[in-house]
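What follows is the content of coords.pdb (PDB, C-alpha atoms and all ligand atoms).
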```pdb
MODEL        1
ATOM      1  CA  MET A   1      79.280  90.587  90.646
ATOM      2  CA  ARG A   2      80.485  93.618  92.658
ATOM      3  CA  PRO A   3      84.012  92.813  93.909
ATOM      4  CA  LEU A   4      86.130  95.107  96.068
ATOM      5  CA  VAL A   5      89.877  94.465  96.202
ATOM      6  CA  ILE A   6      91.476  95.805  99.397
ATOM      7  CA  VAL A   7      95.154  96.731  99.002
ATOM      8  CA  PRO A   8      97.019  97.962 102.095
ATOM      9  CA  THR A   9     100.092  99.976 101.166
ATOM     10  CA  TYR A  10     103.145 101.187 102.997
ATOM     11  CA  ASN A  11     105.979 102.492 100.817
ATOM     12  CA  GLU A  12     104.854 100.912  97.537
ATOM     13  CA  ARG A  13     105.650 103.860  95.251
ATOM     14  CA  ASP A  14     107.203 101.703  92.532
ATOM     15  CA  ASN A  15     104.425  99.094  92.562
ATOM     16  CA  ILE A  16     101.186 100.953  93.132
ATOM     17  CA  ILE A  17     100.374 102.244  89.644
ATOM     18  CA  PRO A  18     101.261  99.125  87.608
ATOM     19  CA  PHE A  19      99.722  96.861  90.240
ATOM     20  CA  ILE A  20      96.368  98.621  90.557
ATOM     21  CA  THR A  21      96.178  99.071  86.770
ATOM     22  CA  ALA A  22      96.647  95.315  86.303
ATOM     23  CA  VAL A  23      94.040  94.522  88.986
ATOM     24  CA  LEU A  24      91.431  96.830  87.424
ATOM     25  CA  ALA A  25      91.972  95.150  84.032
ATOM     26  CA  THR A  26      90.856  91.752  85.369
ATOM     27  CA  HIS A  27      87.135  92.573  85.767
ATOM     28  CA  PRO A  28      85.066  95.545  84.534
ATOM     29  CA  ALA A  29      82.885  95.857  87.668
ATOM     30  CA  LEU A  30      85.740  95.553  90.127
ATOM     31  CA  HIS A  31      86.658  98.396  92.487
ATOM     32  CA  VAL A  32      89.834  98.829  94.530
ATOM     33  CA  LEU A  33      90.244 100.262  98.023
ATOM     34  CA  ILE A  34      93.802 101.344  98.846
ATOM     35  CA  VAL A  35      94.508 101.763 102.568
ATOM     36  CA  ASP A  36      97.688 103.834 102.812
ATOM     37  CA  ASP A  37      99.344 104.614 106.131
ATOM     38  CA  ASN A  38     100.870 107.958 105.150
ATOM     39  CA  SER A  39     103.739 106.196 103.364
ATOM     40  CA  PRO A  40     106.872 108.373 103.589
ATOM     41  CA  ASP A  41     107.742 107.530  99.958
ATOM     42  CA  GLY A  42     104.632 109.282  98.587
ATOM     43  CA  THR A  43     102.480 106.252  97.736
ATOM     44  CA  GLY A  44      99.384 108.121  99.011
ATOM     45  CA  PRO A  45      99.333 110.878  96.342
ATOM     46  CA  LEU A  46      99.843 108.225  93.632
ATOM     47  CA  ALA A  47      96.813 106.384  95.021
ATOM     48  CA  ASP A  48      94.782 109.611  94.833
ATOM     49  CA  GLN A  49      95.912 110.044  91.236
ATOM     50  CA  LEU A  50      94.616 106.536  90.408
ATOM     51  CA  ALA A  51      91.308 107.388  92.096
ATOM     52  CA  ASP A  52      90.907 110.577  90.020
ATOM     53  CA  GLN A  53      91.877 108.924  86.758
ATOM     54  CA  THR A  54      89.842 105.719  86.990
ATOM     55  CA  GLY A  55      86.738 106.454  89.098
ATOM     56  CA  ARG A  56      87.042 102.835  90.323
ATOM     57  CA  VAL A  57      89.640 103.335  93.049
ATOM     58  CA  TRP A  58      88.955 104.561  96.591
ATOM     59  CA  VAL A  59      91.621 105.609  99.048
ATOM     60  CA  VAL A  60      91.647 105.618 102.834
ATOM     61  CA  HIS A  61      94.508 107.685 104.219
ATOM     62  CA  ARG A  62      95.520 106.855 107.767
ATOM     63  CA  PRO A  63      97.880 109.122 109.701
ATOM     64  CA  GLY A  64     100.688 106.610 110.296
ATOM     65  CA  LYS A  65     101.725 102.973 110.109
ATOM     66  CA  GLN A  66      99.005 100.984 111.870
ATOM     67  CA  GLY A  67      99.623  97.508 110.487
ATOM     68  CA  LEU A  68      98.038  95.193 107.969
ATOM     69  CA  GLY A  69      95.275  93.793 110.166
ATOM     70  CA  THR A  70      93.619  97.109 110.953
ATOM     71  CA  ALA A  71      93.960  98.096 107.272
ATOM     72  CA  TYR A  72      91.961  94.981 106.282
ATOM     73  CA  ILE A  73      89.346  95.701 108.959
ATOM     74  CA  ALA A  74      88.927  99.254 107.605
ATOM     75  CA  GLY A  75      88.445  97.698 104.159
ATOM     76  CA  PHE A  76      85.926  95.109 105.398
ATOM     77  CA  LYS A  77      83.869  97.884 107.015
ATOM     78  CA  PHE A  78      84.044  99.961 103.825
ATOM     79  CA  ALA A  79      82.694  96.985 101.826
ATOM     80  CA  LEU A  80      79.916  96.185 104.309
ATOM     81  CA  GLU A  81      78.715  99.794 104.291
ATOM     82  CA  ARG A  82      78.318  99.563 100.510
ATOM     83  CA  ASP A  83      76.859  96.907  98.234
ATOM     84  CA  TYR A  84      80.014  94.915  97.435
ATOM     85  CA  ASP A  85      79.335  91.184  97.329
ATOM     86  CA  ARG A  86      82.919  89.919  97.283
ATOM     87  CA  VAL A  87      86.012  91.203  99.016
ATOM     88  CA  VAL A  88      89.533  90.276  97.991
ATOM     89  CA  THR A  89      92.674  91.016 100.009
ATOM     90  CA  MET A  90      95.894  91.547  98.045
ATOM     91  CA  ASP A  91      99.439  92.807  98.644
ATOM     92  CA  ALA A  92     100.650  95.619  96.365
ATOM     93  CA  ASP A  93     104.032  94.038  95.651
ATOM     94  CA  PHE A  94     102.908  91.604  92.878
ATOM     95  CA  SER A  95     103.400  88.546  95.115
ATOM     96  CA  HIS A  96      99.648  88.196  94.701
ATOM     97  CA  ARG A  97      99.387  88.103  90.906
ATOM     98  CA  PRO A  98      96.507  89.983  89.290
ATOM     99  CA  GLU A  99      96.231  87.187  86.709
ATOM    100  CA  ASP A 100      95.182  84.747  89.466
ATOM    101  CA  LEU A 101      92.367  87.021  90.640
ATOM    102  CA  PRO A 102      89.656  85.857  88.154
ATOM    103  CA  ARG A 103      89.993  82.254  89.371
ATOM    104  CA  LEU A 104      89.534  83.333  92.990
ATOM    105  CA  LEU A 105      86.464  85.407  92.122
ATOM    106  CA  GLU A 106      84.987  82.526  90.145
ATOM    107  CA  ALA A 107      85.534  80.059  92.991
ATOM    108  CA  ALA A 108      83.564  82.420  95.243
ATOM    109  CA  ASP A 109      80.455  81.577  93.188
ATOM    110  CA  THR A 110      80.197  78.376  95.206
ATOM    111  CA  ASN A 111      82.344  79.085  98.290
ATOM    112  CA  ASP A 112      82.260  81.609 101.146
ATOM    113  CA  LEU A 113      86.028  81.793 101.605
ATOM    114  CA  VAL A 114      88.500  81.245  98.756
ATOM    115  CA  ILE A 115      92.166  80.986  99.712
ATOM    116  CA  GLY A 116      94.890  81.649  97.157
ATOM    117  CA  SER A 117      97.092  78.728  98.151
ATOM    118  CA  ARG A 118     100.795  78.111  97.728
ATOM    119  CA  ALA A 119     100.445  74.675  99.294
ATOM    120  CA  VAL A 120      98.072  72.730  97.030
ATOM    121  CA  SER A 121      98.937  71.062  93.732
ATOM    122  CA  GLY A 122      99.892  73.735  91.174
ATOM    123  CA  GLY A 123     100.623  76.375  93.830
ATOM    124  CA  ARG A 124     104.150  77.528  94.679
ATOM    125  CA  VAL A 125     106.440  80.323  95.892
ATOM    126  CA  GLU A 126     109.187  81.612  93.592
ATOM    127  CA  GLY A 127     112.388  83.308  94.697
ATOM    128  CA  TRP A 128     112.393  82.722  98.450
ATOM    129  CA  PRO A 129     115.452  81.626 100.407
ATOM    130  CA  LEU A 130     115.134  78.314 102.273
ATOM    131  CA  SER A 131     114.665  80.127 105.595
ATOM    132  CA  ARG A 132     111.420  81.761 104.436
ATOM    133  CA  HIS A 133     110.068  78.497 103.074
ATOM    134  CA  ILE A 134     110.710  76.919 106.463
ATOM    135  CA  VAL A 135     108.966  79.734 108.368
ATOM    136  CA  SER A 136     105.989  79.704 106.006
ATOM    137  CA  LYS A 137     105.480  75.942 105.743
ATOM    138  CA  GLY A 138     106.268  75.392 109.434
ATOM    139  CA  GLY A 139     103.846  78.133 110.464
ATOM    140  CA  SER A 140     101.086  76.752 108.294
ATOM    141  CA  LEU A 141     101.551  73.205 109.593
ATOM    142  CA  TYR A 142     101.605  74.457 113.186
ATOM    143  CA  ALA A 143      98.313  76.346 112.737
ATOM    144  CA  ARG A 144      96.731  73.474 110.823
ATOM    145  CA  LEU A 145      97.587  70.883 113.459
ATOM    146  CA  LEU A 146      96.885  72.930 116.582
ATOM    147  CA  LEU A 147      93.606  74.360 115.348
ATOM    148  CA  GLY A 148      92.472  71.406 113.213
ATOM    149  CA  LEU A 149      92.149  73.735 110.257
ATOM    150  CA  PRO A 150      91.142  72.012 107.018
ATOM    151  CA  ILE A 151      93.533  74.325 105.127
ATOM    152  CA  HIS A 152      97.069  73.791 103.784
ATOM    153  CA  ASP A 153      98.138  77.431 103.339
ATOM    154  CA  CYS A 154      96.934  78.973 106.600
ATOM    155  CA  THR A 155      98.994  82.172 106.479
ATOM    156  CA  GLY A 156      98.589  83.425 102.908
ATOM    157  CA  GLY A 157      97.023  86.846 102.487
ATOM    158  CA  PHE A 158      95.474  86.460  99.019
ATOM    159  CA  LYS A 159      91.842  85.634  99.756
ATOM    160  CA  CYS A 160      88.338  86.237  98.508
ATOM    161  CA  LEU A 161      85.471  86.434 100.993
ATOM    162  CA  ARG A 162      81.866  86.438  99.957
ATOM    163  CA  ARG A 163      79.726  88.970 101.740
ATOM    164  CA  SER A 164      78.223  86.070 103.735
ATOM    165  CA  ALA A 165      81.650  85.360 105.252
ATOM    166  CA  LEU A 166      82.267  89.039 106.051
ATOM    167  CA  GLU A 167      78.901  89.232 107.770
ATOM    168  CA  ALA A 168      79.696  86.187 109.903
ATOM    169  CA  LEU A 169      82.853  87.765 111.328
ATOM    170  CA  ASP A 170      82.979  89.888 114.463
ATOM    171  CA  LEU A 171      85.472  92.482 113.221
ATOM    172  CA  GLU A 172      85.976  93.864 116.720
ATOM    173  CA  LEU A 173      87.490  90.527 117.796
ATOM    174  CA  LEU A 174      90.140  90.360 115.045
ATOM    175  CA  ARG A 175      93.371  91.331 116.762
ATOM    176  CA  SER A 176      96.393  90.303 114.687
ATOM    177  CA  ASN A 177      98.323  92.375 112.243
ATOM    178  CA  GLY A 178     100.409  89.992 110.169
ATOM    179  CA  TYR A 179     100.084  86.303 109.258
ATOM    180  CA  GLY A 180      98.000  85.885 112.391
ATOM    181  CA  PHE A 181      95.214  87.884 110.782
ATOM    182  CA  SER A 182      94.900  85.299 108.057
ATOM    183  CA  VAL A 183      94.774  82.474 110.598
ATOM    184  CA  GLU A 184      92.100  84.282 112.630
ATOM    185  CA  VAL A 185      89.867  84.760 109.572
ATOM    186  CA  ASN A 186      90.382  81.155 108.428
ATOM    187  CA  TYR A 187      89.623  79.772 111.884
ATOM    188  CA  ALA A 188      86.473  81.847 112.303
ATOM    189  CA  CYS A 189      85.154  80.823 108.867
ATOM    190  CA  ALA A 190      85.895  77.160 109.574
ATOM    191  CA  GLN A 191      84.199  77.340 112.972
ATOM    192  CA  ALA A 192      81.131  78.904 111.363
ATOM    193  CA  GLY A 193      80.889  75.930 109.007
ATOM    194  CA  LEU A 194      81.353  78.129 105.942
ATOM    195  CA  ARG A 195      82.403  76.649 102.598
ATOM    196  CA  ILE A 196      86.174  77.026 102.198
ATOM    197  CA  VAL A 197      88.295  76.164  99.176
ATOM    198  CA  GLU A 198      91.995  76.512  98.322
ATOM    199  CA  ILE A 199      92.857  77.575  94.772
ATOM    200  CA  PRO A 200      96.499  77.201  93.636
ATOM    201  CA  ILE A 201      98.453  80.418  93.114
ATOM    202  CA  VAL A 202     102.014  81.200  92.098
ATOM    203  CA  PHE A 203     103.608  83.602  94.598
ATOM    204  CA  PRO A 204     106.702  85.386  93.228
ATOM    205  CA  ASP A 205     108.832  87.231  95.785
ATOM    206  CA  ARG A 206     108.632  91.002  95.548
ATOM    207  CA  THR A 207     111.053  92.566  93.040
ATOM    208  CA  ARG A 208     110.469  96.256  93.915
ATOM    209  CA  GLY A 209     110.246  98.008  97.264
ATOM    210  CA  ALA A 210     111.165  96.691 100.695
ATOM    211  CA  SER A 211     109.563  93.929 102.743
ATOM    212  CA  LYS A 212     107.807  94.861 105.990
ATOM    213  CA  MET A 213     108.008  91.315 107.267
ATOM    214  CA  SER A 214     109.527  91.048 110.768
ATOM    215  CA  SER A 215     110.212  88.465 113.444
ATOM    216  CA  GLY A 216     107.546  90.219 115.543
ATOM    217  CA  ILE A 217     104.899  89.209 112.999
ATOM    218  CA  VAL A 218     105.961  85.556 113.251
ATOM    219  CA  VAL A 219     105.877  85.645 117.066
ATOM    220  CA  GLU A 220     102.460  87.347 116.988
ATOM    221  CA  ALA A 221     101.062  84.579 114.747
ATOM    222  CA  ALA A 222     102.576  81.765 116.819
ATOM    223  CA  THR A 223     101.162  83.230 120.041
ATOM    224  CA  LEU A 224      97.766  83.791 118.461
ATOM    225  CA  VAL A 225      97.460  80.138 117.431
ATOM    226  CA  LEU A 226      98.218  79.028 120.992
ATOM    227  CA  ARG A 227      95.742  81.505 122.442
ATOM    228  CA  LEU A 228      93.008  80.366 120.056
ATOM    229  CA  ARG A 229      93.796  76.723 120.866
ATOM    230  CA  LEU A 230      93.729  77.264 124.618
ATOM    231  CA  GLY A 231      90.673  79.499 124.536
ATOM    232  CA  GLY A 232      92.571  82.599 125.642
ATOM    233  CA  GLN A 233      91.286  84.454 122.640
ATOM    234  CA  PRO A 234      87.682  84.353 121.400
ATOM    235  CA  VAL A 235      86.963  83.221 117.842
ATOM    236  CA  ALA A 236      86.143  86.299 115.728
ATOM    237  CA  LEU A 237      82.562  85.278 115.002
ATOM    238  CA  ARG A 238      79.325  87.115 115.601
ATOM    239  CA  ALA A 239      77.264  85.639 118.425
ATOM    240  CA  ASP A 240      74.703  84.063 116.078
ATOM    241  CA  GLN A 241      77.391  82.115 114.164
ATOM    242  CA  GLY A 242      79.192  78.852 114.855
ATOM    243  CA  SER A 243      76.268  76.608 115.811
ATOM    244  CA  PRO A 244      77.105  73.246 117.427
ATOM    245  CA  ALA A 245      76.056  71.524 114.180
ATOM    246  CA  ALA A 246      78.499  73.602 112.178
ATOM    247  CA  LEU A 247      81.248  72.920 114.695
ATOM    248  CA  SER A 248      80.790  69.142 114.592
ATOM    249  CA  GLY A 249      80.684  69.265 110.768
ATOM    250  CA  PHE A 250      83.937  71.193 110.802
ATOM    251  CA  ALA A 251      85.544  68.695 113.160
ATOM    252  CA  ALA A 252      84.533  65.842 110.840
ATOM    253  CA  SER A 253      85.944  67.592 107.783
ATOM    254  CA  ALA A 254      89.179  68.385 109.602
ATOM    255  CA  ARG A 255      89.544  64.686 110.451
ATOM    256  CA  GLY A 256      88.780  63.658 106.870
ATOM    257  CA  ASP A 257      90.919  64.475 103.862
ATOM    258  CA  GLY A 258      91.896  67.832 105.301
ATOM    259  CA  ARG A 259      90.477  69.777 102.388
ATOM    260  CA  GLY A 260      87.825  72.408 102.858
TER     261      GLY A 260
HETATM  262  N1  LIG A 301      98.431 100.228 105.208
HETATM  263  C1  LIG A 301      99.444  99.419 105.568
HETATM  264  N2  LIG A 301      99.963  98.541 104.668
HETATM  265  C2  LIG A 301     100.988  97.754 105.060
HETATM  266  C3  LIG A 301     101.552  97.794 106.360
HETATM  267  N3  LIG A 301     102.558  96.879 106.419
HETATM  268  C4  LIG A 301     102.610  96.282 105.214
HETATM  269  N4  LIG A 301     101.681  96.815 104.377
HETATM  270  C5  LIG A 301     101.372  96.418 102.992
HETATM  271  O1  LIG A 301     100.911  95.093 103.079
HETATM  272  C6  LIG A 301     101.333  94.323 101.958
HETATM  273  C7  LIG A 301     102.194  93.150 102.445
HETATM  274  O2  LIG A 301     103.388  93.616 103.025
HETATM  275  P1  LIG A 301     104.836  92.998 102.635
HETATM  276  O3  LIG A 301     105.909  93.911 103.075
HETATM  277  O4  LIG A 301     104.823  92.621 101.202
HETATM  278  O5  LIG A 301     104.858  91.772 103.583
HETATM  279  P2  LIG A 301     105.095  90.322 103.186
HETATM  280  O6  LIG A 301     104.401  90.023 101.896
HETATM  281  O7  LIG A 301     104.759  89.516 104.379
HETATM  282  O8  LIG A 301     106.673  90.335 103.014
HETATM  283  P3  LIG A 301     107.541  90.124 101.669
HETATM  284  O9  LIG A 301     107.166  88.786 101.150
HETATM  285  O10 LIG A 301     108.935  90.176 102.129
HETATM  286  O11 LIG A 301     107.192  91.189 100.700
HETATM  287  C8  LIG A 301     102.069  95.305 101.063
HETATM  288  O12 LIG A 301     101.160  95.830 100.116
HETATM  289  C9  LIG A 301     102.537  96.371 102.052
HETATM  290  O13 LIG A 301     102.736  97.632 101.427
HETATM  291  C10 LIG A 301     100.984  98.734 107.278
HETATM  292  O14 LIG A 301     101.396  98.864 108.439
HETATM  293  N5  LIG A 301      99.948  99.514 106.841
HETATM  294 MG    MG A 302     105.034  90.854 100.118
ENDMDL
END
```

Entire entry expressed as structure tokens:
Amino acid sequence: MRPLVIVPTYNERDNIIPFITAVLATHPALHVLIVDDNSPDGTGPLADQLADQTGRVWVVHRPGKQGLGTAYIAGFKFALERDYDRVVTMDADFSHRPEDLPRLLEAADTNDLVIGSRAVSGGRVEGWPLSRHIVSKGGSLYARLLLGLPIHDCTGGFKCLRRSALEALDLELLRSNGYGFSVEVNYACAQAGLRIVEIPIVFPDRTRGASKMSSGIVVEAATLVLRLRLGGQPVALRADQGSPAALSGFAASARGDGRG
């Protein structure tokens, strides 16, 4: 197994070293790619220090804040240009717990897309106010119903994609930056008839550093779902993906028990 964990960072000075150290400890062959957007708090030099010390960490430095979605796309391209066979996306703030990573990697033995899920039995969020639960659960239900997604946690960012799933995506068509990015990837994988599974995770709220969550990200995701539903935005799949057979299989599974 050759996993690459992509970690976008913006002002994660207090998290980056303990977080990446904990991630590296979960699997001996695992590498990490940090995509830092010239964080004003000096996260970038700490990332370089990790790269020098471990030999298993790579760093992409971008000149300024360009958003989460483009950071993931840079990471996907990095993985495809090399021989990584699994790609994991994780936040640096410990909301995605390193201890849950081995279960996601293992589930990718038999699935193309593994979703770390807060919305299946055993999964949960800790430490959120009611308002954030409502936004998260409401957003997930909205995407699930409008797009017929066979997924309960549509907006979570802790995922593992097998190389097969990465290769099915048309990266140029992925447009969103926040929660919408997750929905776009989920929708494309479902449309391609790929094997999708949700694995329960515990999601503690961040304890260090500041959130970059904004109302703009919620509006972006809500608009994206509508555009995908109405056909105003193409599904981010390569032209040779998403055969009619796969699409009808997906429709049947979405009508069934709702589990991928
Ligand atoms: N490279 C890059 N990373 C970003 C950007 N915005 C956020 N991040 C990182 O993306 C991850 C998720 O961002 P968070 O601020 O935790 O967003 P969130 O998880 O939706 O919000 P909270 O739950 O409040 O923490 C963290 O590792 C951030 O440092 C960005 O514009 N560029
Ligand atoms: Mg967070």

Distance table requested - segment 60-164 of chain A against segment 33-36 of chain A, cut-off 8 Å, all atoms listed in the file: one row per qualifying residue with the closest atom pair and its distance in Å to one decimal, ordered by chain and rising residue number, as a tab-separated table.
```
residue	atom	partner	partner_atom	distance
A:Val60	CA	A:Val35	CA	4.8
A:His61	CA	A:Asp36	CA	5.2
A:Arg62	CA	A:Asp36	CA	6.2
A:Ala71	CA	A:Val35	CA	6.0
A:Ala74	CA	A:Val35	CA	7.9
A:Gly75	CA	A:Leu33	CA	6.9
```

Keeping only C-alpha atoms, take the residues you just selected and write them out as a CSV table (one decimal), in the frame of the given file.
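Everything below was put into out.csv:
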```csv
chain,number,residue,atom,x,y,z
A,60,VAL,CA,91.6,105.6,102.8
A,61,HIS,CA,94.5,107.7,104.2
A,62,ARG,CA,95.5,106.9,107.8
A,71,ALA,CA,94.0,98.1,107.3
A,74,ALA,CA,88.9,99.3,107.6
A,75,GLY,CA,88.4,97.7,104.2
```

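For the structure shown here, the set of residues caught by the PyMOL selection byres (((chain A and resi 46) around 10) and not hetatm) is Glu12, Arg13, Asp14, Ile16, Ile17, Gly42, Thr43, Gly44, Pro45, Ala47, Asp48, Gln49, Leu50, Ala51 and Asp52 of chain A.
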
At most 12 Å is the cut-off: for each residue in segment 161-241 of chain A with any atom that close to an atom of segment 93-108 of chain A, write down the nearest atom pair and the distance in Å rounded to one decimal, counting all atoms listed in the file, chain first then increasing number, as a tab-separated table.
```
residue	atom	partner	partner_atom	distance
A:Leu161	CA	A:Ala108	CA	7.3
A:Arg162	CA	A:Ala108	CA	6.4
A:Arg163	CA	A:Ala108	CA	10.0
A:Ser164	CA	A:Ala108	CA	10.7
A:Ala165	CA	A:Ala108	CA	10.6
A:Leu194	CA	A:Ala108	CA	11.7
A:Arg195	CA	A:Ala108	CA	9.4
A:Ile196	CA	A:Ala108	CA	9.2
A:Val197	CA	A:Ala107	CA	7.8
A:Glu198	CA	A:Leu104	CA	9.0
A:Ile199	CA	A:Leu104	CA	6.9
A:Pro200	CA	A:Asp100	CA	8.7
A:Ile201	CA	A:Asp100	CA	6.5
A:Val202	CA	A:Arg97	CA	7.5
A:Phe203	CA	A:Ser95	CA	5.0
A:Pro204	CA	A:Ser95	CA	4.9
A:Asp205	CA	A:Ser95	CA	5.6
A:Arg206	CA	A:Asp93	CA	5.5
A:Thr207	CA	A:Asp93	CA	7.6
A:Arg208	CA	A:Asp93	CA	7.0
A:Gly209	CA	A:Asp93	CA	7.5
A:Ala210	CA	A:Asp93	CA	9.1
A:Ser211	CA	A:Asp93	CA	9.0
A:Lys212	CA	A:Asp93	CA	11.0
```

A:Arg124, A:Arg86, A:Lys65, A:Arg144: which is nearest ligand LIG 301 (chain A), counting all atoms listed in the file?
A:Lys65

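Distances from A:Met213, A:Val125, A:Leu169, A:Ala222 to ligand LIG 301 (chain A) were compared using only C-alpha atoms and all ligand atoms, and the smallest one belongs to A:Met213.
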
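The closest residue to Ile217 of chain A, picked from A:Gly67, A:Gly122, A:Gly193, A:Pro129 and counting all atoms listed in the file, is A:Gly67.
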
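Remark: for Ala79 of chain A, the closest of the candidate residues A:Asp41, A:Asp112, A:Glu220, A:Glu167 is A:Glu167 (distances computed over all atoms listed in the file).
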
Atom completion result for segment 21-32 of chain A (N, CA and C atoms) as a compact mmCIF listing (two decimals), in the frame of the given file:
```txt
# COMPACT_ATOMS: atom_id res chain seq x y z
N THR A 21 96.61 99.10 88.17
CA THR A 21 96.18 99.07 86.77
C THR A 21 95.92 97.63 86.32
N ALA A 22 96.82 96.73 86.69
CA ALA A 22 96.65 95.32 86.30
C ALA A 22 95.44 94.70 87.00
N VAL A 23 95.20 95.06 88.26
CA VAL A 23 94.04 94.52 88.99
C VAL A 23 92.73 94.99 88.34
N LEU A 24 92.66 96.29 88.02
CA LEU A 24 91.43 96.83 87.42
C LEU A 24 91.12 96.16 86.08
N ALA A 25 92.17 95.75 85.37
CA ALA A 25 91.97 95.15 84.03
C ALA A 25 91.37 93.75 84.11
N THR A 26 91.32 93.15 85.30
CA THR A 26 90.86 91.75 85.37
C THR A 26 89.34 91.63 85.35
N HIS A 27 88.60 92.67 85.72
CA HIS A 27 87.14 92.57 85.77
C HIS A 27 86.52 93.97 85.67
N PRO A 28 85.56 94.18 84.76
CA PRO A 28 85.07 95.54 84.53
C PRO A 28 84.31 96.15 85.71
N ALA A 29 83.70 95.31 86.57
CA ALA A 29 82.88 95.86 87.67
C ALA A 29 83.68 95.99 88.97
N LEU A 30 84.94 95.61 88.90
CA LEU A 30 85.74 95.55 90.13
C LEU A 30 86.19 96.95 90.59
N HIS A 31 86.11 97.19 91.88
CA HIS A 31 86.66 98.40 92.49
C HIS A 31 87.83 98.03 93.40
N VAL A 32 88.68 99.03 93.66
CA VAL A 32 89.83 98.83 94.53
C VAL A 32 89.77 99.82 95.68
```
